[in-house]
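Chemist: Input file: structure_23.pdb. Contents: PDB, C-alpha atoms, pLDDT in the B column.
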```pdb
ATOM      1  CA  MET S   2      -2.776  26.068   4.879  1.00 87.00           C
ATOM      2  CA  LEU S   3      -2.067  22.422   4.159  1.00 93.00           C
ATOM      3  CA  LEU S   4      -3.962  19.642   5.908  1.00 96.00           C
ATOM      4  CA  LYS S   5      -2.277  16.482   7.179  1.00 98.00           C
ATOM      5  CA  LEU S   6      -3.912  13.166   6.347  1.00 98.00           C
ATOM      6  CA  ARG S   7      -2.906   9.763   7.714  1.00 98.00           C
ATOM      7  CA  MET S   8      -3.392   7.238   4.912  1.00 98.00           C
ATOM      8  CA  ASP S   9      -2.705   3.500   4.881  1.00 98.00           C
ATOM      9  CA  LEU S  10      -1.726   3.179   1.225  1.00 98.00           C
ATOM     10  CA  HIS S  11      -1.539  -0.622   0.897  1.00 98.00           C
ATOM     11  CA  VAL S  12      -4.552  -2.681   2.004  1.00 98.00           C
ATOM     12  CA  HIS S  13      -6.045  -5.909   0.649  1.00 97.00           C
ATOM     13  CA  THR S  14      -9.579  -7.321   0.943  1.00 98.00           C
ATOM     14  CA  ASP S  15     -11.272 -10.627   0.227  1.00 97.00           C
ATOM     15  CA  TYR S  16     -11.679  -9.499  -3.367  1.00 98.00           C
ATOM     16  CA  SER S  17      -8.136 -10.874  -3.747  1.00 96.00           C
ATOM     17  CA  ASP S  18      -5.920 -12.586  -1.160  1.00 93.00           C
ATOM     18  CA  SER S  19      -7.132 -11.204   2.183  1.00 93.00           C
ATOM     19  CA  LYS S  20      -9.513 -12.747   4.700  1.00 88.00           C
ATOM     20  CA  ASN S  21     -11.135  -9.367   5.365  1.00 93.00           C
ATOM     21  CA  SER S  22     -14.321  -8.104   3.787  1.00 97.00           C
ATOM     22  CA  VAL S  23     -14.405  -4.516   2.553  1.00 98.00           C
ATOM     23  CA  GLU S  24     -16.745  -3.674   5.428  1.00 97.00           C
ATOM     24  CA  GLN S  25     -14.256  -5.102   7.957  1.00 97.00           C
ATOM     25  CA  VAL S  26     -11.384  -3.161   6.416  1.00 97.00           C
ATOM     26  CA  ILE S  27     -13.321   0.105   6.660  1.00 97.00           C
ATOM     27  CA  CYS S  28     -14.296  -0.632  10.265  1.00 97.00           C
ATOM     28  CA  GLU S  29     -10.685  -1.410  11.210  1.00 96.00           C
ATOM     29  CA  ALA S  30      -9.409   1.714   9.469  1.00 97.00           C
ATOM     30  CA  ARG S  31     -11.783   3.855  11.503  1.00 97.00           C
ATOM     31  CA  ALA S  32     -10.757   2.063  14.702  1.00 96.00           C
ATOM     32  CA  ALA S  33      -7.065   2.614  13.879  1.00 96.00           C
ATOM     33  CA  GLY S  34      -7.680   6.350  13.588  1.00 97.00           C
ATOM     34  CA  VAL S  35      -6.412   6.842  10.034  1.00 98.00           C
ATOM     35  CA  ASP S  36      -8.059   9.374   7.749  1.00 98.00           C
ATOM     36  CA  GLY S  37      -8.182   7.044   4.784  1.00 98.00           C
ATOM     37  CA  LEU S  38      -6.720   4.110   2.939  1.00 98.00           C
ATOM     38  CA  ALA S  39      -5.945   2.783  -0.501  1.00 98.00           C
ATOM     39  CA  ILE S  40      -7.514  -0.589  -1.262  1.00 98.00           C
ATOM     40  CA  THR S  41      -4.978  -2.284  -3.517  1.00 98.00           C
ATOM     41  CA  ASP S  42      -6.212  -5.770  -4.327  1.00 98.00           C
ATOM     42  CA  HIS S  43      -4.582  -7.969  -6.941  1.00 97.00           C
ATOM     43  CA  ARG S  44      -6.159  -8.128 -10.415  1.00 97.00           C
ATOM     44  CA  THR S  45      -9.287  -6.148  -9.503  1.00 98.00           C
ATOM     45  CA  ILE S  46     -10.516  -2.768  -8.262  1.00 98.00           C
ATOM     46  CA  GLU S  47     -14.019  -3.991  -7.364  1.00 98.00           C
ATOM     47  CA  GLY S  48     -13.288  -4.085  -3.633  1.00 98.00           C
ATOM     48  CA  ALA S  49     -11.830  -0.585  -3.788  1.00 98.00           C
ATOM     49  CA  LEU S  50     -14.847   0.744  -5.678  1.00 98.00           C
ATOM     50  CA  LEU S  51     -17.159  -0.813  -3.089  1.00 98.00           C
ATOM     51  CA  GLY S  52     -15.067   0.669  -0.305  1.00 98.00           C
ATOM     52  CA  SER S  53     -15.272   4.147  -1.795  1.00 97.00           C
ATOM     53  CA  ARG S  54     -19.068   3.835  -1.864  1.00 96.00           C
ATOM     54  CA  LEU S  55     -19.333   2.510   1.689  1.00 97.00           C
ATOM     55  CA  ALA S  56     -16.803   4.729   3.436  1.00 96.00           C
ATOM     56  CA  GLY S  57     -18.912   7.864   3.799  1.00 89.00           C
ATOM     57  CA  GLN S  58     -17.528  11.348   4.435  1.00 87.00           C
ATOM     58  CA  ASN S  59     -15.262  10.552   7.380  1.00 91.00           C
ATOM     59  CA  LEU S  60     -12.948   8.108   5.598  1.00 97.00           C
ATOM     60  CA  LEU S  61     -11.243   8.679   2.252  1.00 98.00           C
ATOM     61  CA  VAL S  62     -10.846   5.515   0.157  1.00 98.00           C
ATOM     62  CA  ILE S  63      -8.451   5.584  -2.790  1.00 98.00           C
ATOM     63  CA  VAL S  64      -9.172   3.141  -5.610  1.00 98.00           C
ATOM     64  CA  GLY S  65      -5.946   1.277  -6.205  1.00 98.00           C
ATOM     65  CA  GLN S  66      -4.479  -2.022  -7.345  1.00 98.00           C
ATOM     66  CA  GLU S  67      -1.341  -4.068  -6.754  1.00 98.00           C
ATOM     67  CA  ILE S  68      -0.257  -4.901 -10.283  1.00 97.00           C
ATOM     68  CA  LYS S  69       2.086  -7.751 -11.175  1.00 96.00           C
ATOM     69  CA  THR S  70       4.401  -6.740 -14.004  1.00 94.00           C
ATOM     70  CA  THR S  71       7.052  -8.806 -15.745  1.00 92.00           C
ATOM     71  CA  ARG S  72       9.575  -7.182 -13.374  1.00 91.00           C
ATOM     72  CA  GLY S  73       7.765  -7.343 -10.059  1.00 91.00           C
ATOM     73  CA  GLU S  74       4.807  -5.535  -8.512  1.00 95.00           C
ATOM     74  CA  ILE S  75       3.712  -1.912  -8.479  1.00 96.00           C
ATOM     75  CA  LEU S  76       0.923  -0.070  -6.674  1.00 98.00           C
ATOM     76  CA  GLY S  77      -1.405   2.057  -8.781  1.00 98.00           C
ATOM     77  CA  TYR S  78      -3.453   4.777  -7.037  1.00 98.00           C
ATOM     78  CA  GLY S  79      -6.406   6.666  -8.473  1.00 98.00           C
ATOM     79  CA  LEU S  80      -7.559   4.044 -10.974  1.00 98.00           C
ATOM     80  CA  ARG S  81     -10.767   4.066 -12.981  1.00 98.00           C
ATOM     81  CA  TYR S  82     -10.433   0.530 -14.326  1.00 98.00           C
ATOM     82  CA  PRO S  83      -8.103  -2.411 -13.540  1.00 98.00           C
ATOM     83  CA  VAL S  84      -4.670  -2.779 -15.084  1.00 98.00           C
ATOM     84  CA  PRO S  85      -3.901  -6.280 -16.419  1.00 98.00           C
ATOM     85  CA  ASP S  86      -1.078  -8.312 -14.927  1.00 97.00           C
ATOM     86  CA  LYS S  87       2.070  -9.358 -16.809  1.00 95.00           C
ATOM     87  CA  LEU S  88       2.608  -6.105 -18.675  1.00 97.00           C
ATOM     88  CA  ASP S  89       6.142  -4.778 -18.996  1.00 95.00           C
ATOM     89  CA  LEU S  90       7.022  -2.500 -16.086  1.00 94.00           C
ATOM     90  CA  GLU S  91       7.140   0.648 -18.199  1.00 95.00           C
ATOM     91  CA  GLU S  92       3.853  -0.256 -19.930  1.00 97.00           C
ATOM     92  CA  ALA S  93       2.072  -0.863 -16.623  1.00 97.00           C
ATOM     93  CA  VAL S  94       3.301   2.441 -15.178  1.00 97.00           C
ATOM     94  CA  SER S  95       2.187   4.227 -18.343  1.00 98.00           C
ATOM     95  CA  GLU S  96      -1.274   2.669 -18.055  1.00 98.00           C
ATOM     96  CA  VAL S  97      -1.701   3.961 -14.500  1.00 98.00           C
ATOM     97  CA  HIS S  98      -0.541   7.426 -15.573  1.00 98.00           C
ATOM     98  CA  HIS S  99      -2.943   7.333 -18.521  1.00 98.00           C
ATOM     99  CA  GLN S 100      -5.776   6.972 -16.014  1.00 98.00           C
ATOM    100  CA  GLY S 101      -4.521  10.013 -14.106  1.00 98.00           C
ATOM    101  CA  GLY S 102      -3.069   7.903 -11.299  1.00 98.00           C
ATOM    102  CA  VAL S 103       0.294   7.630  -9.593  1.00 98.00           C
ATOM    103  CA  VAL S 104       2.587   4.653  -9.056  1.00 98.00           C
ATOM    104  CA  ALA S 105       4.506   3.480  -5.996  1.00 98.00           C
ATOM    105  CA  VAL S 106       6.890   0.542  -5.847  1.00 96.00           C
ATOM    106  CA  PRO S 107       6.153  -1.817  -2.924  1.00 95.00           C
ATOM    107  CA  HIS S 108       8.819  -3.886  -1.114  1.00 91.00           C
ATOM    108  CA  PRO S 109      11.410  -2.799  -3.708  1.00 91.00           C
ATOM    109  CA  THR S 110      14.484  -4.385  -2.155  1.00 90.00           C
ATOM    110  CA  LEU S 111      13.052  -7.579  -0.652  1.00 84.00           C
ATOM    111  CA  PRO S 112      14.535 -10.750  -2.149  1.00 79.00           C
ATOM    112  CA  LEU S 113      12.233 -12.330  -4.770  1.00 67.00           C
ATOM    113  CA  LEU S 114       9.656  -9.538  -4.382  1.00 68.00           C
ATOM    114  CA  GLY S 115      11.890  -6.588  -5.292  1.00 61.00           C
ATOM    115  CA  MET S 116      12.960  -7.607  -8.781  1.00 62.00           C
ATOM    116  CA  LYS S 117      13.312  -4.153 -10.343  1.00 71.00           C
ATOM    117  CA  SER S 118      16.684  -2.493 -10.870  1.00 82.00           C
ATOM    118  CA  LEU S 119      17.453   1.154 -10.160  1.00 83.00           C
ATOM    119  CA  GLY S 120      17.774   1.861 -13.868  1.00 86.00           C
ATOM    120  CA  GLU S 121      14.473   0.192 -14.690  1.00 89.00           C
ATOM    121  CA  LEU S 122      12.610   2.206 -12.061  1.00 90.00           C
ATOM    122  CA  ALA S 123      14.120   5.459 -13.296  1.00 88.00           C
ATOM    123  CA  VAL S 124      13.215   4.731 -16.917  1.00 90.00           C
ATOM    124  CA  ALA S 125       9.712   3.479 -16.068  1.00 94.00           C
ATOM    125  CA  GLY S 126       8.759   6.770 -14.428  1.00 95.00           C
ATOM    126  CA  VAL S 127       7.414   5.557 -11.080  1.00 96.00           C
ATOM    127  CA  ASP S 128       6.250   8.293  -8.714  1.00 97.00           C
ATOM    128  CA  ALA S 129       7.138   7.021  -5.221  1.00 97.00           C
ATOM    129  CA  VAL S 130       8.806   4.260  -3.228  1.00 97.00           C
ATOM    130  CA  GLU S 131       7.032   2.303  -0.492  1.00 97.00           C
ATOM    131  CA  VAL S 132       9.831   2.287   2.068  1.00 97.00           C
ATOM    132  CA  ILE S 133       8.127   0.167   4.735  1.00 95.00           C
ATOM    133  CA  SER S 134       5.025  -1.890   5.473  1.00 93.00           C
ATOM    134  CA  ALA S 135       3.726  -3.481   8.655  1.00 89.00           C
ATOM    135  CA  LEU S 136       4.773  -6.858   7.247  1.00 85.00           C
ATOM    136  CA  THR S 137       8.348  -5.993   6.262  1.00 86.00           C
ATOM    137  CA  PRO S 138      10.813  -8.447   7.825  1.00 80.00           C
ATOM    138  CA  PHE S 139      13.947  -6.979   9.462  1.00 82.00           C
ATOM    139  CA  PRO S 140      12.184  -3.605   9.191  1.00 85.00           C
ATOM    140  CA  ARG S 141      15.037  -1.298  10.187  1.00 88.00           C
ATOM    141  CA  HIS S 142      17.379  -2.862   7.636  1.00 88.00           C
ATOM    142  CA  TYR S 143      14.906  -2.732   4.760  1.00 90.00           C
ATOM    143  CA  MET S 144      13.507   0.688   5.630  1.00 94.00           C
ATOM    144  CA  GLU S 145      16.999   2.181   5.523  1.00 95.00           C
ATOM    145  CA  LYS S 146      17.714   0.333   2.282  1.00 94.00           C
ATOM    146  CA  ASN S 147      14.465   1.531   0.701  1.00 95.00           C
ATOM    147  CA  GLU S 148      15.034   5.114   1.858  1.00 97.00           C
ATOM    148  CA  ARG S 149      18.451   5.072   0.189  1.00 95.00           C
ATOM    149  CA  LEU S 150      16.757   3.840  -2.979  1.00 94.00           C
ATOM    150  CA  SER S 151      14.173   6.643  -2.876  1.00 96.00           C
ATOM    151  CA  THR S 152      16.960   9.197  -2.372  1.00 97.00           C
ATOM    152  CA  ARG S 153      18.963   7.859  -5.311  1.00 95.00           C
ATOM    153  CA  LEU S 154      15.870   7.979  -7.506  1.00 94.00           C
ATOM    154  CA  GLY S 155      14.813  11.379  -6.171  1.00 96.00           C
ATOM    155  CA  LEU S 156      11.356  10.027  -5.335  1.00 97.00           C
ATOM    156  CA  PRO S 157       8.930  10.594  -2.441  1.00 98.00           C
ATOM    157  CA  VAL S 158       8.353   7.950   0.225  1.00 98.00           C
ATOM    158  CA  VAL S 159       5.068   6.251   1.073  1.00 98.00           C
ATOM    159  CA  ALA S 160       4.067   3.446   3.441  1.00 98.00           C
ATOM    160  CA  GLY S 161       1.154   1.143   4.130  1.00 97.00           C
ATOM    161  CA  SER S 162       0.284  -1.893   6.168  1.00 95.00           C
ATOM    162  CA  ASP S 163       0.120  -4.376   3.266  1.00 94.00           C
ATOM    163  CA  SER S 164      -2.728  -5.697   5.374  1.00 93.00           C
ATOM    164  CA  HIS S 165      -4.087  -9.163   4.678  1.00 91.00           C
ATOM    165  CA  HIS S 166      -5.621  -9.495   8.157  1.00 87.00           C
ATOM    166  CA  ARG S 167      -7.857  -7.088   9.994  1.00 85.00           C
ATOM    167  CA  ASP S 168      -5.503  -6.465  12.934  1.00 86.00           C
ATOM    168  CA  THR S 169      -2.886  -4.867  10.691  1.00 91.00           C
ATOM    169  CA  VAL S 170      -5.056  -2.232   8.968  1.00 95.00           C
ATOM    170  CA  GLY S 171      -3.662   1.210   9.758  1.00 95.00           C
ATOM    171  CA  GLN S 172      -0.586  -0.057  11.628  1.00 93.00           C
ATOM    172  CA  THR S 173       1.762   1.616   9.156  1.00 96.00           C
ATOM    173  CA  TYR S 174       0.725   4.668   7.155  1.00 98.00           C
ATOM    174  CA  THR S 175       1.744   7.716   5.163  1.00 98.00           C
ATOM    175  CA  ILE S 176       1.292  11.287   6.376  1.00 98.00           C
ATOM    176  CA  LEU S 177       0.341  13.452   3.409  1.00 98.00           C
ATOM    177  CA  GLU S 178       0.216  17.231   3.381  1.00 98.00           C
ATOM    178  CA  VAL S 179      -2.744  18.063   1.149  1.00 98.00           C
ATOM    179  CA  LYS S 180      -4.540  21.166  -0.025  1.00 95.00           C
ATOM    180  CA  ASP S 181      -7.894  19.446   0.344  1.00 95.00           C
ATOM    181  CA  ARG S 182      -9.261  16.115   1.517  1.00 96.00           C
ATOM    182  CA  SER S 183      -9.768  14.480  -1.873  1.00 97.00           C
ATOM    183  CA  LEU S 184      -8.312  11.965  -4.305  1.00 97.00           C
ATOM    184  CA  GLU S 185      -6.742  14.822  -6.248  1.00 98.00           C
ATOM    185  CA  GLY S 186      -5.216  16.203  -3.064  1.00 98.00           C
ATOM    186  CA  VAL S 187      -3.680  12.838  -2.143  1.00 98.00           C
ATOM    187  CA  LEU S 188      -2.254  12.205  -5.614  1.00 98.00           C
ATOM    188  CA  ALA S 189      -0.782  15.704  -5.785  1.00 98.00           C
ATOM    189  CA  SER S 190       0.789  15.259  -2.353  1.00 98.00           C
ATOM    190  CA  ILE S 191       2.523  12.057  -3.461  1.00 98.00           C
ATOM    191  CA  LYS S 192       3.722  13.542  -6.737  1.00 97.00           C
ATOM    192  CA  ASN S 193       5.052  16.666  -5.020  1.00 97.00           C
ATOM    193  CA  GLY S 194       6.790  14.758  -2.241  1.00 97.00           C
ATOM    194  CA  ARG S 195       4.769  16.152   0.655  1.00 98.00           C
ATOM    195  CA  THR S 196       4.910  12.808   2.450  1.00 98.00           C
ATOM    196  CA  SER S 197       6.402  11.111   5.496  1.00 98.00           C
ATOM    197  CA  VAL S 198       5.826   7.693   7.011  1.00 98.00           C
ATOM    198  CA  VAL S 199       4.810   6.204  10.361  1.00 97.00           C
ATOM    199  CA  PHE S 200       5.844   2.612  10.976  1.00 92.00           C
ATOM    200  CA  ARG S 201       4.499   0.134  13.509  1.00 83.00           C
ATOM    201  CA  PRO S 202       5.482  -3.505  12.863  1.00 76.00           C
ATOM    202  CA  SER S 203       2.898  -6.248  13.001  1.00 73.00           C
ATOM    203  CA  SER S 204       3.285  -9.056  15.514  1.00 67.00           C
ATOM    204  CA  ARG S 205       5.254 -12.155  14.595  1.00 47.00           C
ATOM    205  CA  SER S 206       2.003 -14.125  14.610  1.00 43.00           C
ATOM    206  CA  GLN S 207       0.506 -11.877  11.950  1.00 56.00           C
ATOM    207  CA  LYS S 208       3.645 -12.125   9.820  1.00 60.00           C
ATOM    208  CA  LEU S 209       3.572 -15.908  10.096  1.00 51.00           C
ATOM    209  CA  CYS S 210      -0.146 -15.911   9.395  1.00 57.00           C
ATOM    210  CA  THR S 211       0.338 -14.013   6.157  1.00 60.00           C
ATOM    211  CA  ALA S 212       3.191 -16.291   5.102  1.00 61.00           C
ATOM    212  CA  LEU S 213       1.353 -19.513   5.943  1.00 54.00           C
ATOM    213  CA  GLY S 214      -2.152 -18.455   4.973  1.00 62.00           C
ATOM    214  CA  VAL S 215      -3.687 -19.619   8.265  1.00 54.00           C
ATOM    215  CA  PRO S 216      -5.891 -17.768  10.782  1.00 61.00           C
ATOM    216  CA  VAL S 217      -4.108 -15.454  13.224  1.00 58.00           C
ATOM    217  CA  GLY S 218      -5.613 -17.221  16.235  1.00 59.00           C
ATOM    218  CA  VAL S 219      -4.202 -20.587  15.163  1.00 54.00           C
ATOM    219  CA  VAL S 220      -0.663 -19.211  14.905  1.00 48.00           C
ATOM    220  CA  LYS S 221      -0.980 -17.362  18.220  1.00 50.00           C
ATOM    221  CA  HIS S 222      -2.079 -20.595  19.897  1.00 50.00           C
ATOM    222  CA  ALA S 223       0.804 -22.530  18.372  1.00 45.00           C
ATOM    223  CA  LEU S 224       3.309 -19.923  19.596  1.00 41.00           C
ATOM    224  CA  GLY S 225       1.733 -19.604  23.030  1.00 47.00           C
ATOM    225  CA  LEU S 226       0.865 -15.953  22.438  1.00 47.00           C
ATOM    226  CA  GLU S 227      -2.760 -16.043  23.589  1.00 50.00           C
ATOM    227  CA  GLY S 228      -3.926 -14.225  26.670  1.00 45.00           C
TER     228      GLY S 228
END
```
Go ahead and express the file in the form of structure tokens.
Modeler:
Amino acid sequence: MLLKLRMDLHVHTDYSDSKNSVEQVICEARAAGVDGLAITDHRTIEGALLGSRLAGQNLLVIVGQEIKTTRGEILGYGLRYPVPDKLDLEEAVSEVHHQGGVVAVPHPTLPLLGMKSLGELAVAGVDAVEVISALTPFPRHYMEKNERLSTRLGLPVVAGSDSHHRDTVGQTYTILEVKDRSLEGVLASIKNGRTSVVFRPSSRSQKLCTALGVPVGVVKHALGLEG
């Protein structure tokens, strides 16, 4: 019998561009009720490695990285060491696979962020498409667009919060059907397409906060959203 795990597969910490410590991220993930998360900082896996040590038995932490290629960003899951930025897309995907990991494409159709063509993604050998995050603007439009992309590529869907602030951890996640509660089980589930997504959008204050790089409370105050 397969188990179902709820995994937020796109989370940042203060090891890159988030305000949250690894400890805060783990605490918020537990509070959100997810079974695990992938810590996917930019340019480093140190926060993810720390998270995997701190999480204990009740929370599964996947060591990941958001990698900037010459044709946009990818998410690598199941890494043993960091992948350098600015590699060609195909080279970066190959490096993740060499480590035994899998690759998802985040925000693939967003202007400026989704710079990869259908042909490039097919040739590069990516494993999944992130169809939605808690920070996706116009979420219905882009989720439908990203789902069409995943169908055309014949690839599984994944989702994550793309959290840069503690309130968004676990808001959007992937449901994975796994044989066992392990890294290997999660990676196999993604590769075999035993995935579905649950989407809950973040508040407009959190979206603005991420865009402006200011504390959530300041934006809420400015918009009159406190109380």
Chemist: Of the candidates S:Val84, S:Val23, S:Leu119, S:Leu51, which shows the shortest atom-to-atom distance to His166 of chain S, using all atoms listed in the file?
Modeler: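 Smallest distance to His166 of chain S is found for S:Val23.
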Chemist: Selection in question (the file shown): the PyMOL selection byres ((chain S and resi 61) around 6). Which residues does it include, as number ranges by chain?
Modeler: S: 37, 60, 62
Chemist: Please report the interatomic distance between atom CA of Gly73 of chain S and atom CA of Ala30 of chain S in Å with one decimal.
Modeler: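 Between atom CA of Gly73 of chain S and atom CA of Ala30 of chain S the gap works out to 27.5 Å.
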Chemist: Using the chain letters and numbers from this file, what does the PyMOL selection byres ((chain S and resi 76) around 6) select? Give the answer as a PyMOL selection string.
Modeler: chain S and resi 66-67+75+77+104-105
Chemist: For the PyMOL selection byres ((chain S and resi 90-97) around 10), applied here, can you spell out every residue it catches as a PyMOL selection string?
Modeler: chain S and resi 65-66+68-89+98-105+117+121-128
Chemist: Those residues with C-alpha atoms, as a PDB file, in the coordinates of the input please?
Modeler:
```pdb
ATOM      1  CA  GLY S  65      -5.946   1.277  -6.205  1.00 98.00           C
ATOM      2  CA  GLN S  66      -4.479  -2.022  -7.345  1.00 98.00           C
ATOM      3  CA  ILE S  68      -0.257  -4.901 -10.283  1.00 97.00           C
ATOM      4  CA  LYS S  69       2.086  -7.751 -11.175  1.00 96.00           C
ATOM      5  CA  THR S  70       4.401  -6.740 -14.004  1.00 94.00           C
ATOM      6  CA  THR S  71       7.052  -8.806 -15.745  1.00 92.00           C
ATOM      7  CA  ARG S  72       9.575  -7.182 -13.374  1.00 91.00           C
ATOM      8  CA  GLY S  73       7.765  -7.343 -10.059  1.00 91.00           C
ATOM      9  CA  GLU S  74       4.807  -5.535  -8.512  1.00 95.00           C
ATOM     10  CA  ILE S  75       3.712  -1.912  -8.479  1.00 96.00           C
ATOM     11  CA  LEU S  76       0.923  -0.070  -6.674  1.00 98.00           C
ATOM     12  CA  GLY S  77      -1.405   2.057  -8.781  1.00 98.00           C
ATOM     13  CA  TYR S  78      -3.453   4.777  -7.037  1.00 98.00           C
ATOM     14  CA  GLY S  79      -6.406   6.666  -8.473  1.00 98.00           C
ATOM     15  CA  LEU S  80      -7.559   4.044 -10.974  1.00 98.00           C
ATOM     16  CA  ARG S  81     -10.767   4.066 -12.981  1.00 98.00           C
ATOM     17  CA  TYR S  82     -10.433   0.530 -14.326  1.00 98.00           C
ATOM     18  CA  PRO S  83      -8.103  -2.411 -13.540  1.00 98.00           C
ATOM     19  CA  VAL S  84      -4.670  -2.779 -15.084  1.00 98.00           C
ATOM     20  CA  PRO S  85      -3.901  -6.280 -16.419  1.00 98.00           C
ATOM     21  CA  ASP S  86      -1.078  -8.312 -14.927  1.00 97.00           C
ATOM     22  CA  LYS S  87       2.070  -9.358 -16.809  1.00 95.00           C
ATOM     23  CA  LEU S  88       2.608  -6.105 -18.675  1.00 97.00           C
ATOM     24  CA  ASP S  89       6.142  -4.778 -18.996  1.00 95.00           C
ATOM     25  CA  HIS S  98      -0.541   7.426 -15.573  1.00 98.00           C
ATOM     26  CA  HIS S  99      -2.943   7.333 -18.521  1.00 98.00           C
ATOM     27  CA  GLN S 100      -5.776   6.972 -16.014  1.00 98.00           C
ATOM     28  CA  GLY S 101      -4.521  10.013 -14.106  1.00 98.00           C
ATOM     29  CA  GLY S 102      -3.069   7.903 -11.299  1.00 98.00           C
ATOM     30  CA  VAL S 103       0.294   7.630  -9.593  1.00 98.00           C
ATOM     31  CA  VAL S 104       2.587   4.653  -9.056  1.00 98.00           C
ATOM     32  CA  ALA S 105       4.506   3.480  -5.996  1.00 98.00           C
ATOM     33  CA  LYS S 117      13.312  -4.153 -10.343  1.00 71.00           C
ATOM     34  CA  GLU S 121      14.473   0.192 -14.690  1.00 89.00           C
ATOM     35  CA  LEU S 122      12.610   2.206 -12.061  1.00 90.00           C
ATOM     36  CA  ALA S 123      14.120   5.459 -13.296  1.00 88.00           C
ATOM     37  CA  VAL S 124      13.215   4.731 -16.917  1.00 90.00           C
ATOM     38  CA  ALA S 125       9.712   3.479 -16.068  1.00 94.00           C
ATOM     39  CA  GLY S 126       8.759   6.770 -14.428  1.00 95.00           C
ATOM     40  CA  VAL S 127       7.414   5.557 -11.080  1.00 96.00           C
ATOM     41  CA  ASP S 128       6.250   8.293  -8.714  1.00 97.00           C
TER      42      ASP S 128
END
```
Chemist: Which of these, S:Asp168, S:Asp18, S:Glu148, S:Glu178, has the shortest distance to Ile133 of chain S once you count only C-alpha atoms?
Modeler: S:Glu148
Chemist: So that I can check the surroundings of Ala39 of chain S, please list as a ChimeraX atom specification every protein, DNA and RNA residue that reaches within 7 Å of it, counting all atoms listed in the file and ignoring chain neighbours fewer than 5 positions away.
Modeler: /S:9-12,62-65
Chemist: Return the single residue from S:Asn193, S:Ser19, S:Thr169, S:Ser183 that is closest to Ser134 of chain S, with distances computed using all atoms listed in the file.
Modeler: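 Checking each of S:Asn193, S:Ser19, S:Thr169, S:Ser183 against Ser134 of chain S, counting all atoms listed in the file, the winner is S:Thr169.
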